[in-house]
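Trainee: So that you have it, the file is work17.txt, and it contains compact mmCIF, C-alpha atoms:
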```txt
# COMPACT_ATOMS: atom_id res chain seq x y z
CA MET V 1 109.10 94.45 120.55
CA THR V 2 107.20 97.39 122.08
CA PRO V 3 106.26 100.81 120.68
CA GLU V 4 108.55 103.78 121.30
CA LEU V 5 108.11 107.53 121.06
CA ILE V 6 109.97 109.24 118.21
CA PHE V 7 108.75 112.81 118.86
CA GLU V 8 106.53 114.54 121.40
CA ASP V 9 105.46 118.09 122.18
CA ASP V 10 102.31 119.77 123.50
CA HIS V 11 100.39 119.14 120.28
CA LEU V 12 101.28 115.72 118.88
CA ILE V 13 103.32 112.58 119.26
CA ALA V 14 105.02 110.37 116.70
CA ALA V 15 105.74 106.75 117.58
CA TYR V 16 107.31 103.59 116.22
CA LYS V 17 104.59 100.95 115.66
CA PRO V 18 105.92 97.38 115.74
CA GLU V 19 104.51 94.81 113.34
CA GLY V 20 101.67 92.81 114.83
CA TRP V 21 100.09 95.73 116.73
CA LEU V 22 96.70 97.21 115.84
CA VAL V 23 96.50 101.00 115.77
CA HIS V 24 93.10 100.85 117.49
CA ARG V 25 90.56 98.18 118.38
CA SER V 26 88.77 96.68 115.41
CA ASP V 27 85.96 94.18 114.79
CA ILE V 28 88.18 92.69 112.08
CA ASP V 29 90.56 91.38 114.77
CA LYS V 30 88.57 91.25 118.00
CA HIS V 31 91.02 89.09 119.95
CA GLU V 32 94.19 91.16 119.45
CA ASP V 33 95.18 92.85 122.71
CA ARG V 34 98.23 94.76 121.45
CA ILE V 35 96.55 98.11 120.82
CA LEU V 36 98.89 100.98 120.00
CA LEU V 37 96.48 103.81 120.82
CA GLN V 38 95.81 102.52 124.32
CA TYR V 39 99.49 101.79 124.95
CA LEU V 40 100.52 105.32 123.97
CA ARG V 41 97.69 106.93 125.96
CA ASP V 42 98.97 105.13 129.04
CA LEU V 43 102.56 106.06 128.20
CA VAL V 44 101.99 109.82 127.83
CA GLY V 45 99.15 109.99 130.35
CA GLN V 46 96.55 111.74 128.23
CA HIS V 47 93.94 111.26 125.54
CA LEU V 48 95.24 110.92 121.97
CA TYR V 49 93.46 111.35 118.65
CA PRO V 50 94.21 109.03 115.70
CA VAL V 51 95.36 110.78 112.52
CA HIS V 52 96.05 107.88 110.14
CA ARG V 53 96.59 104.14 110.34
CA LEU V 54 99.07 101.43 109.50
CA ASP V 55 97.95 97.87 108.84
CA LYS V 56 98.61 95.37 111.61
CA PRO V 57 101.57 93.64 109.88
CA THR V 58 103.21 96.95 108.88
CA SER V 59 105.75 98.63 111.15
CA GLY V 60 107.01 102.20 111.28
CA VAL V 61 106.23 105.85 111.91
CA ILE V 62 102.73 106.87 112.98
CA VAL V 63 101.36 110.17 114.33
CA PHE V 64 98.63 111.04 116.86
CA GLY V 65 97.24 114.44 117.83
CA LYS V 66 96.94 115.58 121.44
CA SER V 67 93.81 117.53 120.54
CA GLY V 68 91.01 117.12 118.05
CA ASP V 69 92.08 120.29 116.27
CA ALA V 70 95.70 119.18 115.88
CA ALA V 71 94.57 115.76 114.64
CA ALA V 72 92.20 117.30 112.09
CA LYS V 73 94.95 119.56 110.71
CA LEU V 74 97.39 116.67 110.46
CA GLN V 75 94.79 114.46 108.78
CA ALA V 76 94.08 117.16 106.20
CA GLN V 77 97.80 117.29 105.39
CA LEU V 78 98.07 113.54 105.00
CA ASP V 79 95.09 113.60 102.64
CA SER V 80 96.78 116.28 100.50
CA ASP V 81 100.07 116.58 98.64
CA THR V 82 101.71 118.69 101.39
CA SER V 83 102.95 115.59 103.24
CA VAL V 84 105.47 112.95 102.20
CA LYS V 85 104.77 109.31 103.14
CA GLN V 86 107.66 106.99 102.34
CA TYR V 87 107.91 103.26 102.98
CA LEU V 88 110.54 100.56 102.62
CA ALA V 89 109.56 97.20 101.17
CA VAL V 90 111.18 94.00 99.97
CA CYS V 91 109.70 92.50 96.82
CA ARG V 92 110.31 89.39 94.77
CA GLY V 93 112.56 89.82 91.74
CA PHE V 94 114.54 92.77 90.43
CA CYS V 95 111.82 95.38 90.01
CA PRO V 96 112.32 98.37 87.65
CA GLU V 97 114.77 101.01 88.88
CA GLN V 98 111.93 103.48 89.33
CA GLY V 99 108.40 104.07 88.23
CA VAL V 100 104.85 105.15 88.90
CA ILE V 101 102.07 102.62 89.43
CA ASP V 102 98.81 104.28 88.41
CA HIS V 103 96.28 101.51 88.85
CA PRO V 104 92.80 102.12 90.32
CA LEU V 105 91.80 99.74 93.13
CA PRO V 106 88.42 98.56 94.43
CA PRO V 107 87.80 98.80 98.19
CA VAL V 108 89.10 95.92 100.30
CA ALA V 109 86.24 93.69 101.46
CA ASP V 110 86.87 92.90 105.15
CA PHE V 111 83.46 91.53 106.11
CA LYS V 112 81.39 88.65 104.72
CA HIS V 113 78.55 90.84 103.46
CA GLN V 114 81.08 92.87 101.47
CA ARG V 115 82.68 89.77 99.95
CA LYS V 116 79.32 88.64 98.52
CA ARG V 117 79.40 91.45 95.98
CA PRO V 118 81.17 90.57 92.73
CA LYS V 119 84.45 92.43 92.30
CA SER V 120 83.17 93.87 89.04
CA GLU V 121 80.48 95.77 90.99
CA LEU V 122 82.92 97.43 93.40
CA PRO V 123 83.82 100.97 92.30
CA ARG V 124 87.52 101.39 91.61
CA GLN V 125 89.29 104.33 93.26
CA GLU V 126 92.27 106.26 91.96
CA ALA V 127 95.49 104.82 93.38
CA ILE V 128 98.99 106.12 92.59
CA THR V 129 102.29 104.85 93.98
CA HIS V 130 105.81 106.11 93.21
CA PHE V 131 108.74 103.79 93.78
CA ARG V 132 112.52 103.64 93.46
CA ARG V 133 114.65 100.53 93.70
CA VAL V 134 117.30 101.03 96.38
CA ASP V 135 119.25 97.75 96.14
CA THR V 136 119.04 94.11 95.10
CA VAL V 137 120.28 90.69 96.14
CA GLU V 138 120.48 87.34 94.35
CA LEU V 139 120.51 84.30 96.63
CA PRO V 140 121.77 80.83 95.54
CA PHE V 141 118.51 79.08 96.45
CA ALA V 142 115.93 77.58 94.08
CA VAL V 143 112.87 78.92 95.86
CA ASP V 144 110.74 78.91 92.73
CA ARG V 145 111.45 77.50 89.28
CA TYR V 146 114.81 79.26 88.90
CA PRO V 147 118.17 78.06 90.32
CA SER V 148 118.60 81.33 92.24
CA SER V 149 116.22 83.85 93.77
CA ARG V 150 116.23 87.62 93.36
CA TYR V 151 114.85 90.31 95.67
CA SER V 152 114.74 94.10 95.73
CA LEU V 153 114.72 96.70 98.49
CA VAL V 154 112.35 99.42 97.34
CA GLN V 155 111.58 102.93 98.57
CA VAL V 156 107.89 103.63 98.05
CA GLU V 157 106.04 106.94 98.22
CA LEU V 158 102.26 107.07 98.40
CA VAL V 159 100.35 109.69 96.44
CA THR V 160 96.98 108.21 97.41
CA GLY V 161 96.25 106.13 100.49
CA ARG V 162 94.03 103.19 99.56
CA ARG V 163 93.76 100.14 101.79
CA HIS V 164 96.62 97.69 101.13
CA GLN V 165 97.68 99.96 98.26
CA ILE V 166 101.40 99.14 98.26
CA ARG V 167 100.83 95.40 98.54
CA ARG V 168 98.19 95.36 95.80
CA HIS V 169 100.18 97.63 93.50
CA PHE V 170 103.32 95.49 93.72
CA LYS V 171 101.27 92.39 93.03
CA HIS V 172 99.94 94.20 89.95
CA LEU V 173 103.57 94.92 88.99
CA SER V 174 104.32 91.16 89.32
CA HIS V 175 106.80 91.89 92.12
CA PRO V 176 104.77 90.92 95.22
CA LEU V 177 105.99 91.90 98.68
CA ILE V 178 107.69 89.30 100.83
CA GLY V 179 105.74 88.13 103.86
CA CYS V 180 102.29 89.06 102.57
CA PRO V 181 99.94 86.07 102.81
CA LYS V 182 97.13 87.78 100.88
CA TYR V 183 98.91 89.30 97.87
CA GLY V 184 102.31 87.60 98.01
CA LYS V 185 103.81 84.23 97.03
CA SER V 186 103.69 81.50 99.67
CA THR V 187 106.92 79.81 98.50
CA HIS V 188 108.98 82.98 99.00
CA ASN V 189 107.20 83.86 102.24
CA ARG V 190 108.01 80.40 103.59
CA PHE V 191 111.64 80.67 102.47
CA PHE V 192 112.12 83.94 104.35
CA ALA V 193 110.38 82.55 107.43
CA GLU V 194 112.16 79.18 107.57
CA GLN V 195 115.59 79.89 106.08
CA LEU V 196 116.11 83.59 106.83
CA HIS V 197 114.17 83.61 110.13
CA CYS V 198 111.95 86.54 109.16
CA ALA V 199 108.27 85.63 109.22
CA ARG V 200 106.72 89.07 108.79
CA LEU V 201 105.47 91.38 106.08
CA LEU V 202 108.51 93.30 104.83
CA LEU V 203 106.78 96.66 104.64
CA HIS V 204 107.81 99.56 106.87
CA ALA V 205 106.67 103.19 107.16
CA TYR V 206 110.13 104.75 107.03
CA ARG V 207 109.65 108.50 106.73
CA LEU V 208 106.84 110.96 107.30
CA SER V 209 107.39 114.61 106.41
CA ILE V 210 104.68 116.99 107.65
CA GLN V 211 104.20 120.58 108.73
CA HIS V 212 103.62 121.06 112.43
CA PRO V 213 99.90 121.81 112.91
CA VAL V 214 100.55 124.74 115.27
CA LEU V 215 104.17 125.90 114.96
CA ALA V 216 104.22 125.74 111.13
CA GLU V 217 107.70 124.20 111.08
CA ARG V 218 108.57 121.14 109.03
CA LEU V 219 108.83 117.85 110.90
CA GLU V 220 110.94 115.04 109.44
CA LEU V 221 109.97 111.86 111.26
CA VAL V 222 112.21 108.92 110.38
CA ALA V 223 112.56 105.46 111.92
CA ALA V 224 114.66 102.60 110.57
CA PRO V 225 113.21 99.07 110.52
CA ARG V 226 113.92 96.92 113.55
CA GLY V 227 114.16 93.24 114.38
CA CYS V 228 114.50 90.72 111.58
CA PHE V 229 113.77 93.32 108.87
CA MET V 230 116.89 95.29 109.85
CA SER V 231 118.86 92.07 110.25
CA LEU V 232 118.05 91.17 106.64
CA ILE V 233 119.13 94.60 105.43
CA ASP V 234 122.46 94.13 107.21
CA GLN V 235 122.82 90.52 106.02
CA PHE V 236 122.24 91.50 102.38
CA GLY V 237 124.65 94.46 102.63
CA TRP V 238 121.91 96.95 101.79
CA GLN V 239 122.05 100.62 102.74
CA LEU V 240 119.02 102.55 103.94
CA PRO V 241 118.10 105.41 101.61
CA ALA V 242 119.04 108.96 102.58
CA ASN V 243 116.13 111.13 103.68
```
Let me see the structure of the file written as structure tokens.

Mentor:
Amino acid sequence: MTPELIFEDDHLIAAYKPEGWLVHRSDIDKHEDRILLQYLRDLVGQHLYPVHRLDKPTSGVIVFGKSGDAAAKLQAQLDSDTSVKQYLAVCRGFCPEQGVIDHPLPPVADFKHQRKRPKSELPRQEAITHFRRVDTVELPFAVDRYPSSRYSLVQVELVTGRRHQIRRHFKHLSHPLIGCPKYGKSTHNRFFAEQLHCARLLLHAYRLSIQHPVLAERLELVAAPRGCFMSLIDQFGWQLPAN
């Protein structure tokens, strides 16, 4: 699966980022050669400026500025409450119908020198996530200790933007996301990979609502999941949420 443009004008582009692509080169994953920023620069034929990021295993809508000024204005929006950042996720169990997860999180330690510090010494940062359960499914498979297995499709809206916030918050809620090796459950991840043929993190940046940095009009940038994520949604008879 390759990236695709969702929107483009003289000031910015919005694109679909497939899972498995890095937004830009990183020392954390030096050998990955699927770099979204470089791909899109070649596609549109000009320099682009990153505005925000999506983790490598997350798919969905992402925005880049065509100038430093446009990127700075967009970044300021995404750091404030004037933008709307919505995701779709699949979690284990029937999670509550809706709620707010207000649970401070320490920074994610990516490098060895960071991991040496005890977690108790890492300063916790405010982290707030809103969520709404969209649909559920109960499958007749004993994946864990129960005779059947339950899963929820959830619409998630970020208030803050901490690293791995959605994954860590749903682990805190005891409804870990499917396909997450770090914060999820290996038995359910393996079930989805081997029996449902979907071996990816089921987290997708579904909708981004922002004000255009120059024209001052509202942009509603929406992209449905693709590949096996969308196949699961169809297989389970789930409906995507309205914008």

Trainee: Just the number, please: distance in Å from atom CA of Leu173 of chain V to atom CA of Ala109 of chain V, one decimal.

Mentor: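 It comes out at 21.4 Å.
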
Trainee: Give me, please, the distance in Å between atom CA of Ala224 of chain V and atom CA of Lys182 of chain V, quoted to one decimal.

Mentor: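 That distance, rounded to one decimal, is 24.9 Å.
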
Trainee: Of the candidates V:Val108, V:Val51, V:Cys91, V:Gly45, which shows the shortest atom-to-atom distance to His24 of chain V, using all atoms listed in the file?

Mentor: V:Val51

Trainee: Considering only C-alpha atoms, return as a list in words whatever protein or nucleic-acid residues lie within 10 Å of segment 188-193 of chain V, sequence-local ones (same chain, fewer than 2 positions apart) excluded.

Mentor: Cys91, Arg92, Phe141, Ala142, Val143, Asp144, Ser149, Tyr151, Pro176, Leu177, Ile178, Gly179, Cys180, Pro181, Gly184, Lys185, Ser186, Gln195, Leu196, His197, Cys198, Ala199, Arg200, Leu201, Leu202 and Leu232 of chain V

Trainee: Excluding same-chain residues fewer than 6 positions from Asp9 of chain V, what lies within 12 Å of it counting all atoms listed in the file, as a PyMOL selection string?

Mentor: chain V and resi 44+63-67+70+212-215+219

Trainee: Mind giving me the straight-line distance from atom CA of Glu97 of chain V to atom CA of Met230 of chain V in Å, one decimal?

Mentor: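 Straight-line distance from atom CA of Glu97 of chain V to atom CA of Met230 of chain V works out to 21.8 Å.
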
Trainee: Go through V:Asp33, V:His52, V:Ile13, V:Arg162 and flag the residue nearest Ala76 of chain V, using all atoms listed in the file for the distances.

Mentor: V:His52

Trainee: Skip Gln125 of chain V itself and residues of its chain fewer than 3 positions away, then list as a compact mmCIF listing (two decimals) with C-alpha atoms, in the frame of the given file all residues within 7 Å of it, counting all atoms listed in the file.

Mentor:
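This went into selection_16.txt:
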```
# COMPACT_ATOMS: atom_id res chain seq x y z
CA PRO V 104 92.80 102.12 90.32
CA LEU V 105 91.80 99.74 93.13
CA PRO V 106 88.42 98.56 94.43
```

Trainee: I'd like to know which of V:Leu12, V:Met1, V:Ala242, V:Leu37 is closest to Arg226 of chain V, using all atoms listed in the file.

Mentor: V:Met1

Trainee: Which is closer to His103 of chain V than all the others in V:Val84, V:Val23, V:Ile128, V:Val90, using only C-alpha atoms?

Mentor: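 Of the candidates, the smallest distance to His103 of chain V is held by V:Ile128.
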
Trainee: Could you check the closest approach to Tyr146 of chain V for each of V:Gln235, V:Gly93, V:His31, V:Lys171 and tell me which residue wins, using only C-alpha atoms?

Mentor: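 The answer is V:Gly93, which sits nearest to Tyr146 of chain V.
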
Trainee: For Leu221 of chain V, which residue out of V:Thr2, V:Ser174, V:Gln75, V:Gln86 is the nearest one, using all atoms listed in the file?

Mentor: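 Among V:Thr2, V:Ser174, V:Gln75, V:Gln86, it is V:Gln86 that comes nearest to Leu221 of chain V.
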
Trainee: Would you list the residues near (108.3, 104.2, 119.3) (no more than 10 Å away, in the coordinates of the file, using all atoms listed in the file) as number ranges by chain?

Mentor: V: 1-7, 13-18, 36, 40, 60-62, 223

Trainee: Might I get the box with edges along x, y and z of the file that holds all atoms of segment 165-184 of chain V listed there, padded by 6 Å on every side, given as centre and edge lengths in Å to one decimal, as JSON?

Mentor:
```
{"center_x": 102.4, "center_y": 93.0, "center_z": 96.4, "size_x": 22.6, "size_y": 25.9, "size_z": 26.9}
```
